[in-house]
Amino acid sequence: MTSLSKLFLGVETGLTGLLALGAGLLTVSEAVIRYLSPASLPDWSAEVTVYLIGWAVMLSASRLIRDRMHVSVDMVIEHLSPRALRGAEIFTCVFGILVSAGIVYAGLKMVDFALMFGERSDSSIRFPMWGYYAAIPVGFGLCAAQYAIQLVSLLRPRGTSC
């Protein structure tokens, strides 16, 4: 793993961890406030928790691809010859890039739509929804990049696995 890859992994892991920690702390504080002083409970805490978790999930998706933790049919793959396995891995990467690119495009259309109409949340913070929707093109953009990196690795003479 190159130093740039390690840096990227560290930033991705740290950011995902901070978002999840923030969501956890917000959830716990909401439970405490609900028990001690229900009238003081803010109307936005559950909403912000969803935003934080949504971003954390989308940022961590490319790591699942990088670490080969995505959904695959191992039962079929295990019985393929090395050449057929390499072909299946190349197909998986190309298909992953295409699907991810399609979702990035649709996500960008969602963000554009939310920006065009000034869509905001219903809570008192009136959060601009494009900020939440942007997690989709960012997350799937990272997934497409990860598939592309793996595809390049496979197409090199000493390509390993996808």
# chains A, B, ... in the order shown; residues from 1 in each chain; ligands from 1
>>> closest_atom_pairs(of="segment 65-133 of chain A", to="segment 138-145 of chain A", cutoff="8 Å", atoms="only C-alpha atoms", output="tab-separated table")
residue	atom	partner	partner_atom	distance
A:Ile65	CA	A:Cys143	CA	7.1
A:Gly96	CA	A:Ala144	CA	6.7
A:Ile97	CA	A:Ala144	CA	4.7
A:Leu98	CA	A:Ala144	CA	7.8
A:Ser100	CA	A:Phe140	CA	5.2
A:Ala101	CA	A:Ala144	CA	6.5
A:Ile103	CA	A:Phe140	CA	6.7
A:Val104	CA	A:Phe140	CA	5.8
>>> residues_around(residues="segment 9-11 of chain A", least_positions_apart="3", cutoff="12 Å", atoms="only C-alpha atoms", output="list in words")
Met1, Thr2, Ser3, Leu4, Ser5, Lys6, Gly14, Leu15, Thr16, Gly17, Leu18, Leu59, Ser60, Ser62, Arg63, Leu64, Arg66, Asp67, Leu142 and Gln146 of chain A
>>> atom_distance(atom1="atom CA of Val50 of chain A", atom2="atom CA of Gly22 of chain A")
10.9 Å
>>> atom_distance(atom1="atom CA of Gly118 of chain A", atom2="atom CA of Tyr132 of chain A")
13.0 Å
>>> atom_distance(atom1="atom CA of Val111 of chain A", atom2="atom CA of Trp130 of chain A")
4.8 Å
>>> residues_around(residues="segment 151-153 of chain A", least_positions_apart="6", cutoff="12 Å", atoms="only C-alpha atoms", output="list in words")
Ile65, Arg66, Arg86, Gly87, Ala88, Glu89, Ile90, Phe91, Thr92, Cys93, Val94, Phe95, Gly96, Ile97, Ala144, Ala145, Gly159, Thr160, Ser161 and Cys162 of chain A
